[in-house]
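Enquirer: This is the structure, below, for whatever I ask next.
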Amino acid sequence: MSMLQLDPPIPMTTPKGEGFAHILLDYGPESDLYWTVLITQTGEIWTYANRHVRATKNITLGRTDPDRPPADDSARHAVSRGSAGSAVARERARDDTECGASREAAWTHR
């Protein structure tokens with residue numbers, strides 16, 4: 001596992017709103033990257049799988065209309081309707097469960 005403190009923090013859009021990613025977690029090639037984001041509006045700290053966050057708008061870099069990440073429950077429900085018996089579906093379901101884990105849970109979930 002690798003953990004990187006981002007300096008400066010990276011502005012991100014998450015299912016819970018916009019915030020700044022302060023920590024990047026890398027569990028290796030068999031797992032998504034995980035971003036620990038401080039939500040601007042509420043002050044909450046959440047850790048999200050890479051597929052659940054997006055870099056925010058940055059006109060200078062030409063990123064004028066980035067896609068919004070999936071809403072909190074939509075990704076989880078989309079996986080449960082798929083082929084739940086497959087290894088890929090089980091892995092994604094596990095990742096979706098962890099995507100909303102609090103900062104403390106992210107440190108102990110493996």
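Please note that chains go A, B, ... in the order of the structure tokens, that every chain numbers its residues from 1, and that ligands are numbered from 1 in the order shown.
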Can you tell me which residues surround region 58-69 of chain A at a distance of at most 7 Å, considering only C-alpha atoms, apart from same-chain residues fewer than 6 positions away, and format the answer as an NGL selection string?
Expert: :A and (14-15 or 52)
Enquirer: Which residues, written as number ranges by chain, have at least one atom at most 12 Å from Val37 (chain A), with only C-alpha atoms counted and residues fewer than 2 positions away on the same chain left out?
Expert: A: 5-6, 9-25, 34-35, 39-50, 52-55, 99-103, 106
Enquirer: Store the residues picked out above in a file with C-alpha atoms, as a PDB file, in the first residue's frame.
Expert:
ATOM      1  CA  GLN A   5      -0.237  13.431   0.971  1.00  0.00           C
ATOM      2  CA  LEU A   6      -1.184  15.839  -1.801  1.00  0.00           C
ATOM      3  CA  PRO A   9      -4.656  19.500  -2.318  1.00  0.00           C
ATOM      4  CA  ILE A  10      -6.512  18.774  -5.582  1.00  0.00           C
ATOM      5  CA  PRO A  11     -10.042  20.165  -6.079  1.00  0.00           C
ATOM      6  CA  MET A  12     -12.475  17.292  -6.759  1.00  0.00           C
ATOM      7  CA  THR A  13     -16.155  16.724  -7.418  1.00  0.00           C
ATOM      8  CA  THR A  14     -17.618  13.830  -5.422  1.00  0.00           C
ATOM      9  CA  PRO A  15     -21.102  12.343  -4.968  1.00  0.00           C
ATOM     10  CA  LYS A  16     -21.365  14.463  -1.793  1.00  0.00           C
ATOM     11  CA  GLY A  17     -20.320  17.717  -3.466  1.00  0.00           C
ATOM     12  CA  GLU A  18     -17.100  19.568  -4.166  1.00  0.00           C
ATOM     13  CA  GLY A  19     -14.060  19.304  -1.956  1.00  0.00           C
ATOM     14  CA  PHE A  20     -10.297  18.970  -1.859  1.00  0.00           C
ATOM     15  CA  ALA A  21      -8.412  15.665  -2.029  1.00  0.00           C
ATOM     16  CA  HIS A  22      -5.655  15.646   0.591  1.00  0.00           C
ATOM     17  CA  ILE A  23      -4.580  11.986   0.514  1.00  0.00           C
ATOM     18  CA  LEU A  24      -4.213   9.415  -2.272  1.00  0.00           C
ATOM     19  CA  LEU A  25      -4.213   5.710  -1.323  1.00  0.00           C
ATOM     20  CA  TYR A  34      -8.713   5.911  -3.290  1.00  0.00           C
ATOM     21  CA  TRP A  35      -8.974   9.674  -2.708  1.00  0.00           C
ATOM     22  CA  ILE A  39     -16.060  18.164   1.479  1.00  0.00           C
ATOM     23  CA  THR A  40     -16.119  21.974   1.301  1.00  0.00           C
ATOM     24  CA  GLN A  41     -19.764  22.567   2.247  1.00  0.00           C
ATOM     25  CA  THR A  42     -20.019  20.204   5.226  1.00  0.00           C
ATOM     26  CA  GLY A  43     -16.440  19.654   6.379  1.00  0.00           C
ATOM     27  CA  GLU A  44     -16.957  15.886   6.201  1.00  0.00           C
ATOM     28  CA  ILE A  45     -14.036  13.642   5.276  1.00  0.00           C
ATOM     29  CA  TRP A  46     -14.783  10.788   2.854  1.00  0.00           C
ATOM     30  CA  THR A  47     -12.678   8.319   0.919  1.00  0.00           C
ATOM     31  CA  TYR A  48     -13.824   7.488  -2.614  1.00  0.00           C
ATOM     32  CA  ALA A  49     -12.751   4.960  -5.222  1.00  0.00           C
ATOM     33  CA  ASN A  50     -11.210   6.588  -8.286  1.00  0.00           C
ATOM     34  CA  HIS A  52     -16.485   7.984  -8.069  1.00  0.00           C
ATOM     35  CA  VAL A  53     -14.614  11.308  -8.237  1.00  0.00           C
ATOM     36  CA  ARG A  54     -13.755  13.819 -10.945  1.00  0.00           C
ATOM     37  CA  ALA A  55     -11.348  16.732 -11.155  1.00  0.00           C
ATOM     38  CA  CYS A  99     -16.204   4.336  -1.537  1.00  0.00           C
ATOM     39  CA  GLY A 100     -18.202   6.119   1.107  1.00  0.00           C
ATOM     40  CA  ALA A 101     -16.088   4.947   4.015  1.00  0.00           C
ATOM     41  CA  SER A 102     -14.993   7.569   6.456  1.00  0.00           C
ATOM     42  CA  ARG A 103     -11.343   8.477   6.738  1.00  0.00           C
ATOM     43  CA  ALA A 106     -10.230   3.722   5.070  1.00  0.00           C
TER      44      ALA A 106
END
Enquirer: How far is it from CA of Gly28 (chain A) to CA of Lys57 (chain A), in Å with one decimal?
Expert: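 According to the coordinates, CA of Gly28 (chain A) and CA of Lys57 (chain A) are separated by 28.3 Å.
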